[in-house]
Amino acid sequence: MSATIKGISKSDVQYDGVALRVAIVHARWNKPVIDALVAGAVAKLKESGVKESNIVVQSVPGSFELPLACSRMIAGAHVQTSSNVTDLLSGLSFGGISNVETPATAATVTMPNEPFDAVIAVGVLIKGSTMHFEYICDSVSHALMKVQLDTGVPIIFGVLTALTDDQALERAGLGRGENKGHNHGEDWGLAAVEMGFHVRRWREGKFD
């Protein structure tokens with residue numbers, strides 16, 4: 001793994017995620033890498049105090065579907081507590097897909113009538129022999145940025161844009177060599193807690 005690849009620098013502040021509600025929306029392309037990244041994000045969310053019942057994990061086919069799914073997840077967070085819906089995407093007639101193979105499942109969700117404080121969008125794009133890679137990377141990046149600006153909910157950009165299989169594996173801590181690399185999902189979990197904490201305070205007019 002290149003020495004220039006670094007994770008997020010440690011914050012001087014310990015952010016408490018106990019009051020936060022976080023969604024993880026992930027693609028299913030390149031599943032071994034996706035599973036490791038989602039597991040890393042979930043682990044850091046819990047380590048930061050986020051309750052398991054406040055972590056909602058949903059899957060979509062690929063990275064191109066992430067922006068719409070994130071947008072609908074944010075809207076679906078307002079489903080009433082009395083609802084029996086356990087899949088926010090299908091509950092909104094989006095056509096949700098079961099996520100039984102992900103580290104955290106929607107079955108743990110109690111469906112509180114609370115907005116998400118942050119959403120982590122996880123995907124893995126690996127360059128091939130066509131322009132598909134460039135088009136998807138550009139479209140998804142801009143669309144995810146638009147979702148967070150339009151909704152005011154932080155979208156953590158967890159979409160790997162790797163040139164090779166090995167680059168993707170290393171960034172999920174699954175490198176084939178002696179150095180397994182670093183699981184960037186952990187960084188995304190920490191970023192979600194930090195941004196969720198900030199946005200909650202900003203909504204209350206606190207900017208210290």
# chains A, B, ... in the order shown; residues from 1 in each chain; ligands from 1
call {"tool": "residues_around", "arguments": {"residues": "Ala191 in chain A", "least_positions_apart": "3", "cutoff": "10 Å", "atoms": "only C-alpha atoms", "output": "PyMOL selection string"}}
result
chain A and resi 8+11+15+41+44-45+118+120+154-157+185-188+194-197
call {"tool": "residues_around", "arguments": {"residues": "range 24-40 of chain A", "least_positions_apart": "6", "cutoff": "6 Å", "atoms": "only C-alpha atoms", "output": "JSON, numbers by chain"}}
result
{"A": [57, 58, 59, 60, 61, 62, 63, 103, 119, 120, 121, 122, 123, 172, 185, 186]}
call {"tool": "atom_distance", "arguments": {"atom1": "CA of Asp166 in chain A", "atom2": "CA of Cys137 in chain A"}}
result
18.3 Å
call {"tool": "residues_around", "arguments": {"residues": "range 17-19 of chain A", "least_positions_apart": "3", "cutoff": "6 Å", "atoms": "only C-alpha atoms", "output": "ChimeraX atom specification"}}
result
/A:48-50,193
call {"tool": "write_last_selection", "arguments": {"atoms": "C-alpha atoms", "output": "compact mmCIF listing (two decimals), in the first residue's frame"}}
result
# COMPACT_ATOMS: atom_id res chain seq x y z
CA SER A 48 -18.49 6.33 19.45
CA GLY A 49 -21.68 5.64 21.38
CA VAL A 50 -24.26 5.36 18.60
CA VAL A 193 -20.49 10.99 14.23
call {"tool": "select_by_dssp", "arguments": {"residues": "range 8-206 of chain A", "states": "strand (DSSP E or B)", "output": "mmCIF file with N, CA, C and O atoms, in the first residue's frame"}}
result
data_model
loop_
_atom_site.group_PDB
_atom_site.id
_atom_site.type_symbol
_atom_site.label_atom_id
_atom_site.label_comp_id
_atom_site.auth_asym_id
_atom_site.auth_seq_id
_atom_site.Cartn_x
_atom_site.Cartn_y
_atom_site.Cartn_z
ATOM 1 N N VAL A 22 -27.969 7.313 12.548
ATOM 2 C CA VAL A 22 -27.146 7.283 11.337
ATOM 3 C C VAL A 22 -27.626 6.182 10.393
ATOM 4 O O VAL A 22 -27.908 5.055 10.820
ATOM 5 N N ALA A 23 -27.701 6.516 9.116
ATOM 6 C CA ALA A 23 -28.049 5.526 8.094
ATOM 7 C C ALA A 23 -26.805 5.177 7.288
ATOM 8 O O ALA A 23 -25.940 6.031 7.049
ATOM 9 N N ILE A 24 -26.716 3.928 6.895
ATOM 10 C CA ILE A 24 -25.673 3.480 5.968
ATOM 11 C C ILE A 24 -26.385 2.897 4.761
ATOM 12 O O ILE A 24 -27.176 1.960 4.881
ATOM 13 N N VAL A 25 -26.134 3.465 3.593
ATOM 14 C CA VAL A 25 -26.698 2.957 2.354
ATOM 15 C C VAL A 25 -25.540 2.441 1.516
ATOM 16 O O VAL A 25 -24.609 3.183 1.218
ATOM 17 N N HIS A 26 -25.580 1.172 1.155
ATOM 18 C CA HIS A 26 -24.435 0.610 0.433
ATOM 19 C C HIS A 26 -24.853 -0.110 -0.839
ATOM 20 O O HIS A 26 -25.952 -0.673 -0.935
ATOM 21 N N ALA A 27 -23.962 -0.067 -1.811
ATOM 22 C CA ALA A 27 -24.145 -0.827 -3.045
ATOM 23 C C ALA A 27 -23.741 -2.281 -2.786
ATOM 24 O O ALA A 27 -23.128 -2.593 -1.760
ATOM 25 N N ILE A 55 -28.799 2.710 14.170
ATOM 26 C CA ILE A 55 -28.006 2.495 12.956
ATOM 27 C C ILE A 55 -28.876 1.712 11.980
ATOM 28 O O ILE A 55 -29.285 0.592 12.255
ATOM 29 N N VAL A 56 -29.204 2.341 10.859
ATOM 30 C CA VAL A 56 -30.061 1.714 9.851
ATOM 31 C C VAL A 56 -29.222 1.415 8.613
ATOM 32 O O VAL A 56 -28.587 2.309 8.064
ATOM 33 N N VAL A 57 -29.212 0.154 8.185
ATOM 34 C CA VAL A 57 -28.421 -0.257 7.030
ATOM 35 C C VAL A 57 -29.347 -0.720 5.915
ATOM 36 O O VAL A 57 -30.219 -1.569 6.138
ATOM 37 N N GLN A 58 -29.173 -0.144 4.731
ATOM 38 C CA GLN A 58 -29.955 -0.522 3.557
ATOM 39 C C GLN A 58 -29.014 -0.763 2.379
ATOM 40 O O GLN A 58 -27.942 -0.162 2.299
ATOM 41 N N SER A 59 -29.427 -1.628 1.458
ATOM 42 C CA SER A 59 -28.607 -1.877 0.273
ATOM 43 C C SER A 59 -29.358 -1.516 -0.995
ATOM 44 O O SER A 59 -30.590 -1.534 -1.042
ATOM 45 N N VAL A 60 -28.588 -1.171 -2.031
ATOM 46 C CA VAL A 60 -29.105 -0.924 -3.371
ATOM 47 C C VAL A 60 -28.193 -1.660 -4.344
ATOM 48 O O VAL A 60 -27.094 -2.082 -3.974
ATOM 49 N N ILE A 97 -34.474 -3.496 -1.029
ATOM 50 C CA ILE A 97 -33.872 -4.802 -1.178
ATOM 51 C C ILE A 97 -33.383 -5.270 0.167
ATOM 52 O O ILE A 97 -32.805 -4.501 0.936
ATOM 53 N N ALA A 118 -26.857 11.828 10.032
ATOM 54 C CA ALA A 118 -25.861 11.654 8.980
ATOM 55 C C ALA A 118 -26.185 10.381 8.213
ATOM 56 O O ALA A 118 -26.823 9.469 8.735
ATOM 57 N N VAL A 119 -25.759 10.349 6.960
ATOM 58 C CA VAL A 119 -25.916 9.161 6.121
ATOM 59 C C VAL A 119 -24.555 8.838 5.510
ATOM 60 O O VAL A 119 -23.866 9.730 5.009
ATOM 61 N N ILE A 120 -24.172 7.575 5.577
ATOM 62 C CA ILE A 120 -22.921 7.130 4.964
ATOM 63 C C ILE A 120 -23.263 6.376 3.688
ATOM 64 O O ILE A 120 -23.980 5.371 3.725
ATOM 65 N N ALA A 121 -22.778 6.868 2.553
ATOM 66 C CA ALA A 121 -23.010 6.213 1.267
ATOM 67 C C ALA A 121 -21.771 5.391 0.922
ATOM 68 O O ALA A 121 -20.679 5.937 0.789
ATOM 69 N N VAL A 122 -21.940 4.082 0.796
ATOM 70 C CA VAL A 122 -20.800 3.184 0.583
ATOM 71 C C VAL A 122 -20.920 2.479 -0.765
ATOM 72 O O VAL A 122 -21.935 1.826 -1.055
ATOM 73 N N GLY A 123 -19.894 2.626 -1.570
ATOM 74 C CA GLY A 123 -19.845 1.942 -2.858
ATOM 75 C C GLY A 123 -18.399 1.659 -3.238
ATOM 76 O O GLY A 123 -17.476 2.244 -2.667
ATOM 77 N N VAL A 124 -18.218 0.782 -4.188
ATOM 78 C CA VAL A 124 -16.866 0.447 -4.660
ATOM 79 C C VAL A 124 -16.878 0.435 -6.182
ATOM 80 O O VAL A 124 -17.545 -0.408 -6.799
ATOM 81 N N LEU A 125 -16.167 1.374 -6.768
ATOM 82 C CA LEU A 125 -16.044 1.465 -8.217
ATOM 83 C C LEU A 125 -14.595 1.142 -8.596
ATOM 84 O O LEU A 125 -13.670 1.744 -8.069
ATOM 85 N N ILE A 126 -14.425 0.181 -9.494
ATOM 86 C CA ILE A 126 -13.082 -0.226 -9.921
ATOM 87 C C ILE A 126 -12.987 -0.030 -11.431
ATOM 88 O O ILE A 126 -13.827 -0.525 -12.188
ATOM 89 N N ILE A 155 -23.848 13.852 4.145
ATOM 90 C CA ILE A 155 -23.671 12.595 3.429
ATOM 91 C C ILE A 155 -22.171 12.294 3.423
ATOM 92 O O ILE A 155 -21.388 13.039 2.836
ATOM 93 N N ILE A 156 -21.772 11.251 4.098
ATOM 94 C CA ILE A 156 -20.363 10.880 4.139
ATOM 95 C C ILE A 156 -20.032 10.114 2.871
ATOM 96 O O ILE A 156 -20.650 9.092 2.568
ATOM 97 N N PHE A 157 -19.045 10.599 2.131
ATOM 98 C CA PHE A 157 -18.708 10.016 0.832
ATOM 99 C C PHE A 157 -17.855 8.768 1.037
ATOM 100 O O PHE A 157 -16.642 8.840 1.197
ATOM 101 N N GLY A 158 -18.521 7.621 1.048
ATOM 102 C CA GLY A 158 -17.831 6.354 1.237
ATOM 103 C C GLY A 158 -17.775 5.549 -0.044
ATOM 104 O O GLY A 158 -17.942 4.332 -0.023
ATOM 105 N N VAL A 159 -17.545 6.214 -1.148
ATOM 106 C CA VAL A 159 -17.466 5.530 -2.442
ATOM 107 C C VAL A 159 -16.007 5.442 -2.866
ATOM 108 O O VAL A 159 -15.381 6.451 -3.184
ATOM 109 N N LEU A 160 -15.468 4.234 -2.836
ATOM 110 C CA LEU A 160 -14.099 4.034 -3.290
ATOM 111 C C LEU A 160 -14.056 4.133 -4.810
ATOM 112 O O LEU A 160 -14.878 3.528 -5.498
ATOM 113 N N THR A 161 -13.102 4.887 -5.334
ATOM 114 C CA THR A 161 -12.917 4.987 -6.781
ATOM 115 C C THR A 161 -11.521 4.480 -7.088
ATOM 116 O O THR A 161 -10.574 5.254 -7.238
ATOM 117 N N ALA A 162 -11.391 3.170 -7.150
ATOM 118 C CA ALA A 162 -10.083 2.517 -7.263
ATOM 119 C C ALA A 162 -9.740 2.188 -8.717
ATOM 120 O O ALA A 162 -10.631 1.876 -9.521
ATOM 121 N N ALA A 172 -10.015 -1.429 2.206
ATOM 122 C CA ALA A 172 -10.994 -2.103 3.065
ATOM 123 C C ALA A 172 -10.290 -2.959 4.105
ATOM 124 O O ALA A 172 -10.937 -3.714 4.835
ATOM 125 N N ASN A 183 -8.888 0.021 6.731
ATOM 126 C CA ASN A 183 -10.318 -0.003 6.439
ATOM 127 C C ASN A 183 -10.884 1.419 6.527
ATOM 128 O O ASN A 183 -11.073 1.959 7.612
#
call {"tool": "atom_distance", "arguments": {"atom1": "CA of His198 in chain A", "atom2": "CA of Val13 in chain A"}}
result
11.6 Å
call {"tool": "atom_distance", "arguments": {"atom1": "CA of Ala75 in chain A", "atom2": "CA of Asp16 in chain A"}}
result
24.6 Å
call {"tool": "closest_residue", "arguments": {"among": "A:Phe116, A:Phe64, A:Asn179, A:Glu52", "to": "Glu134 in chain A", "atoms": "only C-alpha atoms"}}
result
A:Phe64
